[in-house]
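Visitor: For reference, the file protein-v6.txt (compact mmCIF, C-alpha atoms and all ligand atoms) is included below:
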# COMPACT_ATOMS: atom_id res chain seq x y z
CA MET T 1 -7.70 203.37 13.05
CA SER T 2 -8.51 206.59 14.95
CA ALA T 3 -5.75 208.28 16.90
CA SER T 4 -7.21 207.29 20.29
CA ILE T 5 -7.67 203.60 19.34
CA ASP T 6 -4.14 203.59 17.95
CA GLN T 7 -2.88 205.05 21.22
CA ALA T 8 -4.84 202.51 23.27
CA ALA T 9 -3.41 199.64 21.20
CA ARG T 10 0.13 200.97 21.70
CA LEU T 11 -0.55 201.34 25.40
CA ARG T 12 -1.74 197.73 25.63
CA GLU T 13 1.37 196.56 23.79
CA LEU T 14 3.49 198.56 26.17
CA VAL T 15 1.73 197.11 29.20
CA ARG T 16 2.03 193.60 27.75
CA GLY T 17 5.72 194.22 27.16
CA GLN T 18 6.17 195.43 30.71
CA ARG T 19 4.34 192.40 32.05
CA VAL T 20 6.70 190.07 30.21
CA GLU T 21 9.68 192.01 31.46
CA SER T 22 8.51 192.06 35.07
CA SER T 23 7.64 188.34 35.08
CA GLU T 24 11.16 187.68 33.80
CA GLN T 25 12.51 189.76 36.64
CA LEU T 26 10.39 187.74 39.06
CA GLN T 27 12.08 184.51 37.97
CA PRO T 28 13.99 183.57 41.13
CA PRO T 29 17.71 183.19 40.44
CA THR T 30 19.54 179.97 41.20
CA ARG T 31 20.53 179.90 44.87
CA ILE T 32 24.22 178.98 44.97
CA VAL T 33 25.08 177.58 48.38
CA VAL T 34 28.59 176.38 49.23
CA VAL T 35 28.88 174.00 52.19
CA THR T 36 32.23 174.14 53.95
CA SER T 37 34.01 173.79 57.29
CA GLY T 38 37.29 174.60 58.95
CA LYS T 39 37.82 171.14 60.43
CA GLY T 40 37.35 167.93 58.46
CA GLY T 41 34.85 165.20 59.20
CA VAL T 42 32.18 167.47 60.71
CA GLY T 43 29.39 166.17 58.44
CA LYS T 44 29.43 168.45 55.36
CA THR T 45 28.89 165.71 52.79
CA ASN T 46 26.11 164.03 54.77
CA VAL T 47 24.38 167.37 55.27
CA THR T 48 24.71 168.41 51.61
CA VAL T 49 23.51 165.10 50.14
CA ASN T 50 20.52 164.80 52.48
CA LEU T 51 19.58 168.47 52.18
CA ALA T 52 19.74 168.17 48.38
CA LEU T 53 17.38 165.17 48.48
CA ILE T 54 14.84 166.94 50.72
CA LEU T 55 14.90 170.16 48.67
CA ALA T 56 14.36 168.01 45.55
CA GLN T 57 11.56 166.11 47.28
CA ARG T 58 9.91 169.47 48.02
CA GLY T 59 9.85 170.24 44.31
CA CYS T 60 13.02 172.33 43.93
CA LYS T 61 15.37 171.52 41.08
CA VAL T 62 18.75 170.86 42.66
CA VAL T 63 22.23 170.41 41.24
CA LEU T 64 24.71 168.98 43.73
CA PHE T 65 28.27 169.87 42.76
CA ASP T 66 30.79 167.58 44.41
CA ALA T 67 33.89 169.65 45.08
CA ASP T 68 34.99 167.43 47.99
CA LEU T 69 38.32 165.68 47.84
CA GLY T 70 37.55 163.61 50.95
CA MET T 71 36.97 159.90 51.14
CA ALA T 72 33.25 159.71 51.99
CA ASN T 73 32.17 161.89 49.10
CA VAL T 74 28.87 162.43 47.39
CA ASP T 75 29.06 159.49 44.97
CA VAL T 76 29.91 157.11 47.81
CA LEU T 77 26.96 158.28 49.92
CA LEU T 78 24.57 158.05 46.97
CA ASN T 79 26.11 154.80 45.75
CA LEU T 80 26.85 156.26 42.34
CA SER T 81 29.70 155.24 40.06
CA PRO T 82 30.31 158.29 37.94
CA PRO T 83 31.95 157.24 34.67
CA PHE T 84 33.24 160.77 34.07
CA THR T 85 34.08 163.78 36.22
CA ILE T 86 35.08 167.43 35.93
CA ALA T 87 38.59 166.12 35.14
CA ASP T 88 37.21 164.86 31.79
CA VAL T 89 35.68 168.29 31.08
CA ILE T 90 38.99 170.01 31.91
CA ALA T 91 40.85 167.63 29.59
CA GLY T 92 38.29 168.31 26.83
CA ARG T 93 37.32 164.61 26.66
CA ARG T 94 33.68 165.21 27.68
CA GLN T 95 31.09 167.95 27.55
CA LEU T 96 29.67 169.12 30.87
CA ALA T 97 26.25 167.66 29.95
CA GLU T 98 27.85 164.21 29.57
CA ILE T 99 29.19 164.07 33.13
CA ILE T 100 25.99 165.15 34.93
CA LEU T 101 24.30 162.23 36.70
CA PRO T 102 20.54 162.25 37.25
CA VAL T 103 19.71 160.92 40.75
CA THR T 104 15.98 161.68 41.10
CA ASP T 105 13.53 163.71 39.01
CA ASN T 106 14.74 166.93 40.58
CA LEU T 107 18.29 166.11 41.61
CA GLU T 108 21.43 165.93 39.50
CA VAL T 109 25.01 165.38 40.64
CA VAL T 110 28.11 166.87 39.07
CA PRO T 111 31.08 164.71 40.10
CA GLY T 112 34.19 166.77 40.68
CA GLY T 113 36.66 163.92 41.07
CA SER T 114 40.33 164.72 40.61
CA GLY T 115 39.30 167.77 38.55
CA ILE T 116 38.74 169.75 41.75
CA ALA T 117 42.36 169.33 42.82
CA GLN T 118 43.48 170.35 39.32
CA LEU T 119 41.42 173.57 39.27
CA ALA T 120 43.77 175.56 41.50
CA SER T 121 46.82 174.77 39.36
CA LEU T 122 45.44 175.17 35.84
CA GLU T 123 46.96 177.57 33.35
CA ARG T 124 44.97 180.77 33.05
CA ALA T 125 43.51 179.97 29.61
CA VAL T 126 42.39 176.44 30.58
CA LEU T 127 40.93 177.71 33.86
CA ASP T 128 38.97 180.41 31.99
CA GLN T 129 37.68 177.82 29.50
CA THR T 130 36.71 175.45 32.32
CA VAL T 131 34.84 178.03 34.41
CA ALA T 132 33.05 179.26 31.26
CA LYS T 133 31.82 175.69 30.68
CA LEU T 134 30.79 175.26 34.34
CA ALA T 135 28.83 178.53 34.17
CA GLU T 136 26.09 176.53 32.40
CA LEU T 137 25.24 175.15 35.86
CA GLU T 138 24.30 178.60 37.14
CA ASN T 139 20.87 178.63 35.53
CA ARG T 140 20.09 174.94 35.57
CA ALA T 141 18.24 174.63 38.87
CA ASP T 142 16.66 176.38 41.84
CA PHE T 143 19.63 175.38 43.99
CA LEU T 144 23.24 174.71 43.18
CA LEU T 145 24.64 173.08 46.32
CA VAL T 146 28.41 172.71 46.47
CA ASP T 147 30.04 170.24 48.85
CA THR T 148 33.64 171.24 49.51
CA GLY T 149 36.53 169.74 51.43
CA ALA T 150 37.59 171.19 54.78
CA GLY T 151 40.08 173.92 55.55
CA ILE T 152 41.59 176.86 53.79
CA SER T 153 43.30 175.15 50.85
CA PRO T 154 43.24 177.27 47.67
CA ASN T 155 40.47 175.34 45.92
CA VAL T 156 38.13 175.25 48.93
CA LEU T 157 38.75 178.94 49.50
CA GLY T 158 38.03 179.67 45.84
CA PHE T 159 34.52 178.23 46.16
CA VAL T 160 33.92 179.99 49.48
CA LEU T 161 35.06 183.39 48.19
CA ALA T 162 32.90 183.09 45.07
CA ALA T 163 29.75 181.97 46.91
CA PRO T 164 26.68 184.16 47.42
CA GLU T 165 25.70 181.87 50.32
CA VAL T 166 28.01 179.81 52.52
CA ILE T 167 26.98 177.19 55.08
CA VAL T 168 29.78 176.70 57.61
CA VAL T 169 29.40 173.37 59.38
CA THR T 170 30.93 172.90 62.81
CA THR T 171 30.55 170.55 65.72
CA PRO T 172 30.58 171.71 69.38
CA GLU T 173 34.25 170.65 69.70
CA PRO T 174 36.48 173.65 70.51
CA THR T 175 38.88 172.74 67.68
CA ALA T 176 36.03 172.70 65.15
CA ILE T 177 34.73 176.06 66.44
CA VAL T 178 38.19 177.67 66.19
CA ASP T 179 38.57 176.33 62.64
CA ALA T 180 35.05 177.55 61.74
CA TYR T 181 36.10 181.01 62.89
CA GLY T 182 39.17 180.66 60.62
CA ILE T 183 37.08 180.02 57.51
CA ILE T 184 34.62 182.81 58.38
CA LYS T 185 37.57 185.17 58.86
CA ALA T 186 38.76 184.21 55.38
CA VAL T 187 35.35 185.25 53.97
CA ASP T 188 35.46 188.55 55.85
CA GLY T 189 36.45 191.40 53.56
CA LYS T 190 37.05 189.11 50.56
CA ASN T 191 33.40 188.15 49.96
CA PRO T 192 31.55 190.94 51.73
CA GLY T 193 28.14 190.30 50.16
CA ALA T 194 27.97 186.65 51.19
CA GLN T 195 25.23 185.32 53.43
CA VAL T 196 27.05 183.15 55.97
CA TRP T 197 25.02 180.47 57.74
CA LEU T 198 26.18 178.36 60.67
CA LEU T 199 25.09 174.75 61.02
CA VAL T 200 26.02 173.01 64.25
CA ASN T 201 26.23 169.26 63.75
CA MET T 202 26.49 166.36 66.19
CA VAL T 203 25.07 168.30 69.13
CA GLU T 204 23.58 166.84 72.32
CA SER T 205 20.76 169.39 72.41
CA GLU T 206 19.30 172.58 70.97
CA SER T 207 20.79 174.58 73.84
CA GLU T 208 24.27 173.26 73.03
CA ALA T 209 23.79 174.32 69.38
CA ARG T 210 22.60 177.79 70.41
CA ALA T 211 25.54 178.17 72.82
CA VAL T 212 28.01 177.35 70.01
CA PHE T 213 26.29 179.89 67.76
CA SER T 214 26.31 182.63 70.45
CA LYS T 215 29.97 182.04 71.22
CA LEU T 216 31.00 182.29 67.55
CA ALA T 217 28.64 185.16 66.75
CA SER T 218 29.92 187.27 69.64
CA ILE T 219 33.60 186.78 68.70
CA ILE T 220 32.75 187.55 65.07
CA ALA T 221 30.84 190.69 66.06
CA ARG T 222 33.91 191.94 67.94
CA PHE T 223 36.52 191.30 65.30
CA LEU T 224 34.90 190.89 61.86
CA ALA T 225 32.52 192.79 59.60
CA VAL T 226 30.78 189.63 58.37
CA ARG T 227 27.56 188.63 60.15
CA ILE T 228 26.45 185.03 60.58
CA ARG T 229 23.01 183.50 61.03
CA LEU T 230 22.13 180.18 62.59
CA LEU T 231 20.66 177.91 59.91
CA GLY T 232 20.01 175.08 62.35
CA TRP T 233 21.53 172.04 63.99
CA ILE T 234 21.53 168.25 63.90
CA GLU T 235 21.83 166.06 66.97
CA LYS T 236 24.34 163.24 67.19
CA ASP T 237 22.31 160.42 65.67
CA GLY T 238 23.56 156.84 65.22
CA ASN T 239 21.36 156.51 62.12
CA VAL T 240 23.73 158.81 60.22
CA GLY T 241 26.67 156.41 60.60
CA ARG T 242 24.45 153.40 59.89
CA SER T 243 23.20 154.99 56.66
CA VAL T 244 26.77 155.76 55.56
CA LEU T 245 27.67 152.08 55.98
CA GLN T 246 24.65 151.16 53.84
CA GLN T 247 25.62 153.83 51.27
CA LYS T 248 22.09 155.19 51.53
CA PRO T 249 21.36 158.80 52.51
CA PHE T 250 19.77 158.82 55.99
CA VAL T 251 16.69 160.75 54.83
CA ARG T 252 15.89 157.66 52.75
CA ALA T 253 17.20 154.90 55.00
CA TYR T 254 15.78 156.45 58.20
CA PRO T 255 13.00 158.84 57.17
CA TYR T 256 11.68 159.07 60.75
CA SER T 257 15.02 159.70 62.44
CA LEU T 258 15.81 162.89 64.33
CA ALA T 259 18.54 163.69 61.79
CA THR T 260 15.97 163.53 58.96
CA ARG T 261 13.61 165.81 60.88
CA ARG T 262 16.41 168.31 61.28
CA ILE T 263 17.21 168.21 57.55
CA HIS T 264 13.55 169.08 56.85
CA LEU T 265 13.88 172.06 59.22
CA LEU T 266 17.16 173.13 57.57
CA ALA T 267 15.49 172.98 54.14
CA GLY T 268 12.58 175.03 55.50
CA ALA T 269 14.97 177.63 56.94
CA LEU T 270 16.78 177.93 53.60
CA LEU T 271 13.54 178.20 51.66
CA ALA T 272 12.16 180.80 54.06
CA GLN T 273 15.05 183.06 53.15
CA GLN T 274 14.49 184.46 49.66
CA ALA T 275 17.51 184.69 47.42
CA ASP T 276 18.78 188.23 47.31
CA PRO T 277 17.28 189.64 44.09
CA GLU T 278 20.32 191.85 43.69
CA PRO T 279 23.24 189.86 45.00
CA LYS T 280 25.87 192.14 46.48
CA VAL T 281 28.59 190.10 44.79
CA VAL T 282 27.89 191.67 41.40
CA GLY T 283 29.51 191.84 38.02
CA THR T 284 30.16 188.23 37.17
CA GLY T 285 28.70 184.80 37.78
CA PHE T 286 29.71 182.33 40.46
CA PHE T 287 32.10 180.28 38.31
CA ALA T 288 33.74 183.38 36.81
CA ARG T 289 34.36 184.58 40.38
CA LEU T 290 35.69 181.11 41.22
CA GLY T 291 38.16 181.44 38.35
CA LYS T 292 39.30 184.84 39.63
CA ALA T 293 39.60 183.61 43.23
CA LEU T 294 41.61 180.57 42.15
CA PHE T 295 44.00 182.64 40.07
CA ARG T 296 44.92 185.12 42.80
N1 LIG T 301 24.61 164.15 63.07
C1 LIG T 301 25.48 163.13 63.07
N2 LIG T 301 25.40 162.18 64.01
C2 LIG T 301 26.27 161.15 64.04
N3 LIG T 301 27.27 161.00 63.14
C3 LIG T 301 27.41 161.92 62.18
C4 LIG T 301 26.52 163.02 62.08
N4 LIG T 301 26.90 163.77 61.00
C5 LIG T 301 27.97 163.14 60.46
N5 LIG T 301 28.28 162.04 61.17
C6 LIG T 301 29.39 161.10 60.88
O1 LIG T 301 30.57 161.86 60.71
C7 LIG T 301 31.40 161.30 59.72
C8 LIG T 301 31.86 162.38 58.77
O2 LIG T 301 30.78 162.83 57.97
P1 LIG T 301 31.02 163.49 56.56
O3 LIG T 301 31.80 162.61 55.67
O4 LIG T 301 29.69 163.93 56.07
O5 LIG T 301 31.91 164.74 56.99
P2 LIG T 301 32.68 165.77 56.05
O6 LIG T 301 32.69 167.06 56.78
O7 LIG T 301 32.09 165.77 54.69
O8 LIG T 301 34.14 165.15 55.99
P3 LIG T 301 35.37 165.62 55.05
O9 LIG T 301 35.93 166.85 55.70
O10 LIG T 301 36.30 164.46 55.06
O11 LIG T 301 34.80 165.91 53.69
C9 LIG T 301 30.59 160.20 59.04
O12 LIG T 301 31.12 158.97 59.41
C10 LIG T 301 29.20 160.34 59.57
O13 LIG T 301 28.61 159.11 59.81
MG MG T 302 33.00 165.46 52.85
Produce structure tokens that represent the structure in this file.
Guide:
Amino acid sequence: MSASIDQAARLRELVRGQRVESSEQLQPPTRIVVVTSGKGGVGKTNVTVNLALILAQRGCKVVLFDADLGMANVDVLLNLSPPFTIADVIAGRRQLAEIILPVTDNLEVVPGGSGIAQLASLERAVLDQTVAKLAELENRADFLLVDTGAGISPNVLGFVLAAPEVIVVTTPEPTAIVDAYGIIKAVDGKNPGAQVWLLVNMVESESEARAVFSKLASIIARFLAVRIRLLGWIEKDGNVGRSVLQQKPFVRAYPYSLATRRIHLLAGALLAQQADPEPKVVGTGFFARLGKALFR
């Protein structure tokens, strides 16, 4: 082989190598989105379950992590009876893969169960082991959606402080708005890279939703460094309650309802925002950060 052919072959190899590397870099990372609220009962679980279904329907692979300790949790809304939960993984009785429930082609649910309450009080070594196991979920899908309980209890806060993206759900009620400010204030300074979205649920109109957003955004701009963006809103819609009673997500039970239309718009708004290729919360993965936040 002449020197120039040899050089050309090496160049091609190099270019091929670079192509492989750059296509790997183009692989979009898993979007990890934690859904939370200050006040309870504002619609987090309904939003998360229905959003997960629509994202999955649009071809995204979605893992829904149920970190809610409330009554109307993910398995109730999806009419699932999970035989095992995170509590079984913590106790070493089950592998993570054994507790994951397939719901549709693109949607899987990880039932938290009583394991979520345990997380905040585990011994350091067991917590480290548990978050290392959960880290497998970080590259499993396009979206990892986490439904949390309300308020600033240690385990909810752990998820919120570890999250690259947080959706804060509020209603137009003054108490819910004040509590939403409380959770956003908790993010401020402690999770500076996070993208914080506001979702206003149970509104009468778009203008009411925008007024709630403006009010919160202007107080936040005065007192906090964190910036929020309006993800969208959902009107008060009787079909939501009806679907809960039927234990069917409303996007399935009432595909032509206003609430379903809004979920499509919320999914579109999330998809329109590309995941940050270099998340500002660097160094460790989501679950490792969760472990650190829980052990403070
Ligand atoms: N857009 C809506 N219109 C009418 N009712 C709604 C709407 N969104 C939620 N609800 C109702 O609000 C109640 C609470 O919803 P959900 O359980 O999703 O709230 P949550 O924030 O997850 O509660 P928790 O804090 O207990 O986890 C449900 O009974 C549901 O039917
Ligand atoms: Mg809930």
Visitor: What do you get as a short mmCIF file (atom, residue, chain, number, x, y, z; two decimals) with C-alpha atoms, keeping the file's coordinate frame if you pick all residues at most 10 Å from ligand MG 302 (chain T), counting all atoms listed in the file?
Guide:
data_model
loop_
_atom_site.label_atom_id
_atom_site.label_comp_id
_atom_site.auth_asym_id
_atom_site.auth_seq_id
_atom_site.Cartn_x
_atom_site.Cartn_y
_atom_site.Cartn_z
CA VAL T 35 28.88 174.00 52.19
CA THR T 36 32.23 174.14 53.95
CA SER T 37 34.01 173.79 57.29
CA GLY T 40 37.35 167.93 58.46
CA GLY T 41 34.85 165.20 59.20
CA VAL T 42 32.18 167.47 60.71
CA GLY T 43 29.39 166.17 58.44
CA LYS T 44 29.43 168.45 55.36
CA THR T 45 28.89 165.71 52.79
CA ASN T 46 26.11 164.03 54.77
CA VAL T 47 24.38 167.37 55.27
CA THR T 48 24.71 168.41 51.61
CA VAL T 49 23.51 165.10 50.14
CA ASP T 66 30.79 167.58 44.41
CA ALA T 67 33.89 169.65 45.08
CA ASP T 68 34.99 167.43 47.99
CA LEU T 69 38.32 165.68 47.84
CA GLY T 70 37.55 163.61 50.95
CA MET T 71 36.97 159.90 51.14
CA ALA T 72 33.25 159.71 51.99
CA ASN T 73 32.17 161.89 49.10
CA VAL T 74 28.87 162.43 47.39
CA LEU T 77 26.96 158.28 49.92
CA ASP T 147 30.04 170.24 48.85
CA THR T 148 33.64 171.24 49.51
CA GLY T 149 36.53 169.74 51.43
CA ALA T 150 37.59 171.19 54.78
#
Visitor: Please indicate the distance in Å from CA of Ala132 in chain T to CA of Ala87 in chain T, rounded to one decimal place.
Guide: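 CA of Ala87 in chain T lies at a distance of 14.8 Å from CA of Ala132 in chain T.
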Visitor: Would you list the contacts of range 198-214 of chain T as a ChimeraX atom specification, taking every protein, DNA or RNA residue within 6 Å and counting all atoms listed in the file, but skipping same-chain residues closer than 3 positions in sequence?
Guide: /T:167-171,217-218,230-236
Visitor: For Phe286 in chain T, which residue out of T:Ala117, T:Ser81, T:Leu107, T:Val131 is the nearest one, using only C-alpha atoms?
Guide: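 When distances to Phe286 in chain T are compared using only C-alpha atoms, the smallest one comes from T:Val131.
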Visitor: Which one of T:Leu145, T:Ile219, T:Ala135, T:Ile116 sits closest to Val178 in chain T if you count all atoms listed in the file?
Guide: T:Ile219
Visitor: Counting all atoms listed in the file, which residue out of T:Ala293, T:Trp197, T:Leu53, T:Tyr254 sits closest to Arg229 in chain T?
Guide: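 Nearest candidate to Arg229 in chain T out of T:Ala293, T:Trp197, T:Leu53, T:Tyr254: T:Trp197.
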Visitor: Which of these, T:Gln247, T:Thr104, T:Gln129, T:Ser114, has the shortest distance to Phe84 in chain T once you count only C-alpha atoms?
Guide: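 Of all the options, T:Ser114 lies closest to Phe84 in chain T.
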Visitor: From the list T:Ala163, T:Ala221, T:Leu271, T:Ala91, which residue is nearest Gly285 in chain T when using only C-alpha atoms?
Guide: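 Among the listed residues, T:Ala163 lies closest to Gly285 in chain T.
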Visitor: What does the distance from CA of Arg93 in chain T to CA of Asp142 in chain T come to in Å, to one decimal?
Guide: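 Straight-line distance from CA of Arg93 in chain T to CA of Asp142 in chain T works out to 28.2 Å.
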Visitor: Using all atoms listed in the file, pick whichever of T:Leu266, T:Val244, T:Ala176, T:Leu96 has the shortest atom-to-atom distance to ligand LIG 301 (chain T).
Guide: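 Closest residue, counting all atoms listed in the file: T:Val244.
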Visitor: Please indicate the distance in Å from CA of Pro102 in chain T to atom O8 of ligand LIG 301 (chain T), rounded to one decimal place.
Guide: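 According to the coordinates, CA of Pro102 in chain T and atom O8 of ligand LIG 301 (chain T) are separated by 23.3 Å.
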Visitor: Quick one: residues within 9 Å of Arg140 in chain T, only C-alpha atoms counted, chain neighbours fewer than 5 positions away excluded, as a list in words?
Guide: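 Near neighbours after the sequence-gap exclusion: Thr30, Lys61, Val62 and Val63 of chain T.
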Visitor: Kindly extract all protein, DNA and RNA residues lying within 12 Å of the coordinates (14.9, 176.1, 51.8) given in the file, considering all atoms listed in the file, and supply them as a VMD selection string.
Guide: chain T and resid 31 to 33 51 to 62 142 to 143 145 231 to 232 263 to 275
Visitor: Print the selection's residues with C-alpha atoms to a file, as a PDB file, in the frame of the given file.
Guide:
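This went into part-v8.pdb:
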ATOM      1  CA  ARG T  31      20.530 179.900  44.870  1.00  0.00           C
ATOM      2  CA  ILE T  32      24.220 178.980  44.970  1.00  0.00           C
ATOM      3  CA  VAL T  33      25.080 177.580  48.380  1.00  0.00           C
ATOM      4  CA  LEU T  51      19.580 168.470  52.180  1.00  0.00           C
ATOM      5  CA  ALA T  52      19.740 168.170  48.380  1.00  0.00           C
ATOM      6  CA  LEU T  53      17.380 165.170  48.480  1.00  0.00           C
ATOM      7  CA  ILE T  54      14.840 166.940  50.720  1.00  0.00           C
ATOM      8  CA  LEU T  55      14.900 170.160  48.670  1.00  0.00           C
ATOM      9  CA  ALA T  56      14.360 168.010  45.550  1.00  0.00           C
ATOM     10  CA  GLN T  57      11.560 166.110  47.280  1.00  0.00           C
ATOM     11  CA  ARG T  58       9.910 169.470  48.020  1.00  0.00           C
ATOM     12  CA  GLY T  59       9.850 170.240  44.310  1.00  0.00           C
ATOM     13  CA  CYS T  60      13.020 172.330  43.930  1.00  0.00           C
ATOM     14  CA  LYS T  61      15.370 171.520  41.080  1.00  0.00           C
ATOM     15  CA  VAL T  62      18.750 170.860  42.660  1.00  0.00           C
ATOM     16  CA  ASP T 142      16.660 176.380  41.840  1.00  0.00           C
ATOM     17  CA  PHE T 143      19.630 175.380  43.990  1.00  0.00           C
ATOM     18  CA  LEU T 145      24.640 173.080  46.320  1.00  0.00           C
ATOM     19  CA  LEU T 231      20.660 177.910  59.910  1.00  0.00           C
ATOM     20  CA  GLY T 232      20.010 175.080  62.350  1.00  0.00           C
ATOM     21  CA  ILE T 263      17.210 168.210  57.550  1.00  0.00           C
ATOM     22  CA  HIS T 264      13.550 169.080  56.850  1.00  0.00           C
ATOM     23  CA  LEU T 265      13.880 172.060  59.220  1.00  0.00           C
ATOM     24  CA  LEU T 266      17.160 173.130  57.570  1.00  0.00           C
ATOM     25  CA  ALA T 267      15.490 172.980  54.140  1.00  0.00           C
ATOM     26  CA  GLY T 268      12.580 175.030  55.500  1.00  0.00           C
ATOM     27  CA  ALA T 269      14.970 177.630  56.940  1.00  0.00           C
ATOM     28  CA  LEU T 270      16.780 177.930  53.600  1.00  0.00           C
ATOM     29  CA  LEU T 271      13.540 178.200  51.660  1.00  0.00           C
ATOM     30  CA  ALA T 272      12.160 180.800  54.060  1.00  0.00           C
ATOM     31  CA  GLN T 273      15.050 183.060  53.150  1.00  0.00           C
ATOM     32  CA  GLN T 274      14.490 184.460  49.660  1.00  0.00           C
ATOM     33  CA  ALA T 275      17.510 184.690  47.420  1.00  0.00           C
TER      34      ALA T 275
END
